[in-house]
Each structure stands twice: as C-alpha cells, then as structure tokens.
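Novice: This is entry_14.tsv, which holds TSV, C-alpha atoms:
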```tsv
chain	number	residue	atom	x	y	z
A	29	ARG	CA	0.34	-7.15	-11.25
A	30	ASP	CA	-2.78	-5.72	-12.77
A	31	LYS	CA	-3.45	-3.92	-9.49
A	32	PHE	CA	-1.47	-0.97	-10.86
A	33	VAL	CA	-2.72	-1.08	-14.48
A	34	TRP	CA	-5.47	1.52	-14.71
A	35	ASN	CA	-6.73	0.41	-18.14
A	36	HIS	CA	-6.84	-3.26	-17.11
A	37	HIS	CA	-10.58	-3.57	-17.83
A	38	LEU	CA	-9.98	-2.37	-21.42
A	39	VAL	CA	-6.85	-4.43	-22.10
A	40	THR	CA	-8.07	-7.77	-20.67
A	41	GLY	CA	-10.54	-8.53	-23.47
A	42	LEU	CA	-8.12	-7.38	-26.18
A	43	LEU	CA	-5.25	-9.57	-24.94
A	44	GLN	CA	-7.08	-12.68	-26.16
A	45	ARG	CA	-7.73	-11.15	-29.62
A	46	VAL	CA	-4.45	-9.50	-30.63
A	47	ARG	CA	-1.54	-11.54	-31.89
A	48	ASN	CA	1.10	-9.18	-30.53
A	49	PRO	CA	0.47	-7.84	-27.00
A	50	ALA	CA	3.11	-5.14	-27.58
A	51	TRP	CA	0.31	-3.11	-29.21
A	52	LEU	CA	-1.42	-2.83	-25.83
A	53	THR	CA	0.05	-0.22	-23.52
A	54	PRO	CA	-0.62	-0.61	-19.79
A	55	LEU	CA	-1.38	2.74	-18.16
A	56	VAL	CA	0.15	3.31	-14.75
A	57	HIS	CA	-0.62	6.29	-12.52
A	58	GLY	CA	2.72	7.02	-10.91
A	59	PHE	CA	6.08	8.74	-10.83
A	60	PHE	CA	9.60	7.94	-12.11
A	61	ARG	CA	12.84	9.78	-11.45
A	62	GLN	CA	16.44	8.70	-11.99
A	63	SER	CA	19.49	10.72	-10.95
A	64	THR	CA	23.22	10.21	-10.81
A	65	LEU	CA	25.01	11.62	-7.81
A	66	SER	CA	28.37	11.48	-6.10
A	67	LEU	CA	28.70	10.49	-2.46
A	68	SER	CA	32.19	10.48	-0.89
A	69	GLY	CA	33.76	10.06	-4.32
A	70	ARG	CA	31.47	7.15	-5.34
A	71	ILE	CA	29.10	7.55	-8.25
A	72	LEU	CA	25.61	6.32	-7.40
A	73	GLN	CA	22.52	6.03	-9.52
A	74	LEU	CA	19.32	6.64	-7.60
A	75	THR	CA	15.98	5.54	-9.06
A	76	LEU	CA	12.61	6.33	-7.51
A	77	LEU	CA	9.45	4.61	-8.76
A	78	ALA	CA	5.96	5.14	-7.40
A	79	ARG	CA	2.70	3.66	-8.64
A	80	ARG	CA	-0.85	4.06	-7.40
A	81	SER	CA	-3.20	1.13	-7.11
A	82	ARG	CA	-6.46	1.23	-9.06
A	83	MET	CA	-8.18	-0.83	-6.34
A	84	PHE	CA	-10.31	1.28	-3.97
A	85	ALA	CA	-8.95	4.59	-5.27
A	86	GLY	CA	-10.79	7.87	-4.89
A	87	ALA	CA	-10.94	11.29	-3.32
A	88	ARG	CA	-9.11	11.51	0.01
A	89	LEU	CA	-12.08	12.25	2.26
A	90	LEU	CA	-14.43	9.87	0.44
A	91	LYS	CA	-12.28	6.72	0.34
A	92	ARG	CA	-10.89	5.58	3.68
A	93	GLY	CA	-9.89	2.31	5.30
A	94	LEU	CA	-10.47	-1.08	3.68
A	95	CYS	CA	-12.90	-2.41	1.11
A	96	THR	CA	-14.35	-5.92	1.48
A	97	ALA	CA	-11.61	-7.35	-0.78
A	98	GLY	CA	-8.95	-6.14	1.69
A	99	HIS	CA	-7.58	-3.30	-0.46
A	100	THR	CA	-6.67	-0.09	1.36
A	101	ALA	CA	-7.86	3.22	0.00
A	102	ASN	CA	-5.43	5.17	-2.18
A	103	GLU	CA	-2.51	2.76	-1.89
A	104	VAL	CA	0.83	3.86	-3.37
A	105	GLU	CA	3.85	1.57	-3.75
A	106	THR	CA	7.20	3.38	-3.80
A	107	GLU	CA	10.50	1.68	-4.61
A	108	GLN	CA	13.92	3.24	-4.16
A	109	ILE	CA	16.78	1.59	-6.07
A	110	VAL	CA	20.44	2.50	-5.55
A	111	CYS	CA	23.17	1.19	-7.87
A	112	ASP	CA	26.83	1.96	-7.23
A	113	GLY	CA	28.19	1.19	-10.71
A	114	SER	CA	31.08	-0.99	-9.47
A	115	HIS	CA	32.20	-3.87	-11.70
A	116	GLY	CA	32.23	-7.49	-10.57
A	117	ALA	CA	32.86	-10.84	-12.26
A	118	LEU	CA	29.17	-11.77	-12.58
A	119	HIS	CA	27.45	-8.42	-12.49
A	120	GLU	CA	27.86	-4.77	-13.22
A	121	GLY	CA	27.13	-2.66	-10.18
A	122	ARG	CA	25.79	-3.51	-6.78
A	123	LEU	CA	22.11	-2.94	-6.31
A	124	CYS	CA	20.01	-2.14	-3.26
A	125	SER	CA	16.24	-1.80	-3.29
A	126	ALA	CA	13.67	-0.85	-0.67
A	127	VAL	CA	9.89	-0.87	-1.11
A	128	GLN	CA	7.49	1.22	0.94
A	129	LEU	CA	3.73	1.01	0.77
A	130	ARG	CA	1.50	3.90	1.79
A	131	GLY	CA	-2.22	3.63	2.06
A	132	SER	CA	-5.15	4.21	4.31
A	133	ILE	CA	-5.12	2.55	7.74
A	134	PRO	CA	-6.16	-1.09	7.13
A	135	LEU	CA	-9.33	-1.06	9.21
A	136	VAL	CA	-12.95	-0.46	8.26
A	137	TRP	CA	-13.44	3.25	8.93
A	138	GLY	CA	-14.60	6.45	7.32
A	139	HIS	CA	-16.07	9.87	7.96
A	140	GLY	CA	-19.74	9.01	7.96
A	141	GLU	CA	-22.38	11.03	6.17
A	142	GLN	CA	-21.19	14.57	5.42
A	143	LYS	CA	-23.93	17.16	4.90
A	144	GLN	CA	-21.36	19.93	4.47
A	145	ILE	CA	-17.63	20.07	3.92
A	146	VAL	CA	-15.69	20.54	7.14
A	147	PRO	CA	-11.88	20.80	7.44
A	148	ARG	CA	-11.57	17.94	9.96
A	149	PRO	CA	-14.56	15.59	9.75
A	150	ASP	CA	-15.24	13.09	12.53
A	151	ILE	CA	-13.73	9.63	12.18
A	152	HIS	CA	-16.06	6.65	12.50
A	153	LEU	CA	-14.64	3.18	13.18
A	154	GLN	CA	-16.98	0.42	12.04
A	155	ALA	CA	-17.78	-2.69	14.08
A	156	PHE	CA	-18.21	-4.44	10.72
A	157	ASP	CA	-15.03	-6.55	11.04
A	158	PRO	CA	-14.60	-7.44	14.76
A	159	THR	CA	-12.27	-10.40	14.02
A	160	TYR	CA	-10.16	-8.32	11.61
A	161	ASP	CA	-10.73	-10.70	8.67
A	162	LEU	CA	-10.51	-7.85	6.16
A	163	THR	CA	-7.35	-6.53	7.80
A	164	LEU	CA	-5.85	-10.04	7.66
A	165	ARG	CA	-6.85	-10.29	3.98
A	166	HIS	CA	-4.88	-7.07	3.37
A	167	PHE	CA	-1.78	-8.38	5.18
A	168	ASP	CA	-2.06	-11.77	3.43
A	169	GLU	CA	-1.97	-9.99	0.07
A	170	LEU	CA	1.11	-8.00	1.15
A	171	TRP	CA	2.83	-11.19	2.32
A	172	GLU	CA	2.07	-12.89	-0.99
A	173	ARG	CA	3.22	-9.90	-3.03
A	174	TYR	CA	6.46	-9.12	-1.16
A	175	ASP	CA	7.28	-12.45	0.54
A	176	GLY	CA	8.74	-11.10	3.72
A	177	PRO	CA	7.93	-9.55	7.03
A	178	VAL	CA	5.18	-6.95	7.02
A	179	ILE	CA	6.25	-4.05	9.22
A	180	VAL	CA	3.43	-1.66	10.15
A	181	PHE	CA	4.32	1.95	10.96
A	182	ASP	CA	1.65	3.94	12.75
A	183	LEU	CA	2.14	7.55	11.68
A	184	VAL	CA	-1.10	9.01	13.05
A	185	ARG	CA	-1.20	11.49	15.91
A	186	GLN	CA	-1.06	9.79	19.30
A	187	THR	CA	-2.12	12.75	21.43
A	188	GLU	CA	-4.78	15.29	20.53
A	189	ARG	CA	-6.97	17.77	22.36
A	190	ARG	CA	-10.04	16.18	20.85
A	191	GLU	CA	-9.66	12.48	20.02
A	192	ARG	CA	-9.81	11.89	16.27
A	193	GLU	CA	-6.79	10.26	14.60
A	194	SER	CA	-5.52	8.79	17.87
A	195	LYS	CA	-8.48	6.41	18.02
A	196	LEU	CA	-7.35	5.02	14.65
A	197	GLY	CA	-3.85	4.48	16.03
A	198	THR	CA	-5.25	2.69	19.10
A	199	ALA	CA	-7.52	0.53	16.90
A	200	LEU	CA	-4.64	-0.34	14.55
A	201	CYS	CA	-2.46	-1.39	17.48
A	202	ALA	CA	-5.30	-3.59	18.81
A	203	ALA	CA	-5.84	-5.12	15.35
A	204	VAL	CA	-2.16	-5.98	14.84
A	205	SER	CA	-1.92	-7.48	18.37
A	206	ALA	CA	-5.10	-9.54	17.84
A	207	LEU	CA	-3.88	-10.75	14.46
A	208	GLN	CA	-0.47	-11.72	15.83
A	209	LEU	CA	-2.15	-13.91	18.46
A	210	ARG	CA	-4.56	-15.37	15.92
A	211	LEU	CA	-1.78	-16.17	13.43
A	212	GLU	CA	0.30	-17.90	16.10
A	213	ARG	CA	-2.70	-20.03	17.21
A	214	GLU	CA	-3.55	-21.00	13.62
A	215	GLY	CA	0.08	-21.69	12.67
A	216	HIS	CA	-0.18	-19.17	9.82
A	217	PRO	CA	2.83	-19.06	7.45
A	218	PHE	CA	3.78	-15.51	8.45
A	219	ALA	CA	2.94	-15.66	12.17
A	220	ASP	CA	6.34	-14.12	13.00
A	221	GLY	CA	6.28	-11.73	10.06
A	222	LEU	CA	3.66	-9.19	11.18
A	223	ARG	CA	5.21	-6.44	13.31
```
Kindly present the structure from the file in structure tokens form.
Specialist:
Amino acid sequence: RDKFVWNHHLVTGLLQRVRNPAWLTPLVHGFFRQSTLSLSGRILQLTLLARRSRMFAGARLLKRGLCTAGHTANEVETEQIVCDGSHGALHEGRLCSAVQLRGSIPLVWGHGEQKQIVPRPDIHLQAFDPTYDLTLRHFDELWERYDGPVIVFDLVRQTERRERESKLGTALCAAVSALQLRLEREGHPFADGLR
C-alpha cells in the first residue's frame, strides 16, 4: 500500500538496488496510540492507528474533491483495534477492528479562484464529471482495498441560511443514487455494496 508511504518516490528506485530492503524505512504521516483499560472488570487493549494518504494531499482550502485518478483530497484512514486478552485454544485474545476513512467529498469541486483569503469561500461544483466516472473510480478503489460494502456518511450541513455546504450534500446524494442505478444495470461486482 504505497498510497500511505510518503517517501515512495525515493524508495522505489532503491528497492531494486539494495540486497536487504530492511535498510529502507517507509515514512508514514500518521498517528499511533495504544492503551490498556478496564471495562466492567475486563481488561481491554485499545489501539488507534491513523495514516494520511500522499495522493492528492495539500492545504485544506486548496485541495478539495477528487483528482482525475479518483483520489480524494486529504484522505485519512483510521483503524480502531480492540483486544480483550482472553485465552482460547487457537488464539490469545479476541480481536475486533473497525476502519473509517475520512476525506474530501468524492466529487469534482473546489473554491474557484481566490483573489483574497476569506473565512468561508464559495463552493464551486464542476460539471467535469457528469456521469460520475471519477467518483466511481474512487469507490472501486475502496471496494478493492477493503473488500466489503462502502457506506457513505454525509456529514455536511443540510440547512444553511446561504447555500454552501448543503449543495455538496445534495450533489453527493445524487451521485450515490446515480451510481447505484448504474452499477445495478451493469451488473457491477459491488452493486449492492454502495450505500
């Protein structure tokens, strides 16, 4: 998963030349925390891992939406792992893991040309991808990476005095609905898995 290795462009050429790849350290921009806690008398070990993608990364107001490869701006993958430490015949401890992905809304959008910095710049949806091919490319990559249903949570404001974020929420809903119909018609492998 070189998507999260920030020095990938430096390491790739060296991998073919060094005899022992252990000398090459992949750099990951992320977070790690592990804690032991007690819940109702049970000892649990909680691990939190987060890593930021190097694909289409940048400053928050400058990188938005999707690039042509289907990568969302400033994507962060967070995994929470809980282990209860119980002993079984074939394993030590039961394990539960959940992965959450946060990134820009998977549509082609941005803030347009900014002549000056404003606290809440206007949002511009592009008509560049009317059939949502780039959005589908993004969801295809998620399906391939995680092999399961892709559940989309729309966390943008739904009601505003002046329409800004809500138009992104409306456009995302339209994109997901259009893609669900398209995937069903085409018999796509994850036609039932996009929600």
Novice: Can you list, as a list in words, every protein, DNA or RNA residue that comes within 9 Å of Gly197 of chain A when you count only C-alpha atoms, leaving out same-chain residues fewer than 3 positions away?
Specialist: Ile133, Asp182, Leu183, Val184, Arg185, Gln186, Glu193, Ser194, Leu200, Cys201 and Ala202 of chain A
Novice: Taking a cut-off of 10 Å and counting all atoms listed in the file, can you build a table that, for each residue of segment 115-202 of chain A near segment 75-84 of chain A, reports the nearest atom pair and how far apart they are in Å (one decimal), sorted by chain then residue number, as CSV?
Specialist:
```
residue,atom,partner,partner_atom,distance
A:Ser125,CA,A:Thr75,CA,9.3
A:Ala126,CA,A:Leu76,CA,10.0
A:Val127,CA,A:Leu77,CA,9.4
A:Gln128,CA,A:Ala78,CA,9.3
A:Leu129,CA,A:Ala78,CA,9.4
A:Arg130,CA,A:Arg80,CA,9.5
A:Gly131,CA,A:Ser81,CA,9.6
```
Novice: Using the file's own x, y and z axes, so that the box edges lie along x, y and z, what centre and edge lengths in Å (one decimal) does a box around every listed atom of segment 179-190 of chain A get when 3 Å is added on each side? Give it as AutoDock Vina command-line options.
Specialist:
```
--center_x -1.9 --center_y 6.9 --center_z 15.8 --size_x 22.3 --size_y 27.8 --size_z 19.1
```
Novice: Skipping near chain neighbours, those fewer than 2 positions away, what residues fall within 10 Å of Arg148 of chain A using only C-alpha atoms, listed as a list of chain:residue names?
Specialist: A:Leu89, A:His139, A:Ile145, A:Val146, A:Asp150, A:Ile151, A:Arg192
Novice: Provide the atom CA of Val180 of chain A to atom CA of Tyr160 of chain A distance in Å, to one decimal place.
Specialist: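 Taking atom CA of Val180 of chain A and atom CA of Tyr160 of chain A, their separation equals 15.2 Å.
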Novice: Rank A:His99, A:Lys31, A:Arg213, A:Arg70 by their smallest atom-to-atom distance to Arg165 of chain A, using only C-alpha atoms, and report the top residue only.
Specialist: A:His99
Novice: Counting only C-alpha atoms, figure out which residue out of A:Gln44, A:Ser132, A:Thr106, A:Ser66 gets nearest to Ala87 of chain A.
Specialist: A:Ser132
Novice: Measure the distance from atom CA of Leu196 of chain A to atom CA of Leu222 of chain A in Å and round it to one decimal.
Specialist: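 Computing it gives 18.3 Å between the two atoms.
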Novice: Could you tell me which of A:Gly98, A:Pro158, A:Gly93, A:Pro54 comes closest to Trp137 of chain A if we count all atoms listed in the file?
Specialist: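 Counting all atoms listed in the file, the residue closest to Trp137 of chain A is A:Gly93.
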Novice: Could you work out how far atom CA of Leu162 of chain A lies from atom CA of Gly221 of chain A, giving the answer in Å with one decimal?
Specialist: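 According to the coordinates, atom CA of Gly221 of chain A and atom CA of Leu162 of chain A are separated by 17.7 Å.
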Novice: With distances taken over all atoms listed in the file, which of A:Val33, A:Phe167, A:Thr198, A:Leu153 is nearest to Leu55 of chain A?
Specialist: A:Val33
Novice: Taking (-12.3, -9.8, 9.3) in the file's own coordinates, collect the residues within 12 Å, counting all atoms listed in the file, and hand them back as a list in words.
Specialist: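 So the residues meeting the distance criterion are Leu94, Cys95, Thr96, Ala97, Gly98, Pro134, Leu135, Val136, Gln154, Ala155, Phe156, Asp157, Pro158, Thr159, Tyr160, Asp161, Leu162, Thr163, Leu164, Arg165, His166, Phe167, Asp168, Ala203, Ala206, Leu207 and Arg210 of chain A.
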Novice: Of the candidates A:Arg189, A:Cys111, A:Val204, A:His36, which shows the shortest atom-to-atom distance to Cys124 of chain A, using only C-alpha atoms?
Specialist: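 Comparing A:Arg189, A:Cys111, A:Val204, A:His36 against Cys124 of chain A, the winner is A:Cys111.
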Novice: Starting from the point (10.0, -6.9, -0.3), work out which residues of protein, DNA or RNA have an atom no more than 10 Å away when counting all atoms listed in the file; state them as a list in words.
Specialist: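 Residues lying no farther than 10 Å from the given point: Glu107, Ser125, Ala126, Val127, Gln128, Leu170, Trp171, Glu172, Arg173, Tyr174, Asp175, Gly176, Pro177 and Val178 of chain A.
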Novice: Of the candidates A:Gln73, A:Glu169, A:Phe59, A:Thr100, which shows the shortest atom-to-atom distance to Leu123 of chain A, using all atoms listed in the file?
Specialist: A:Gln73
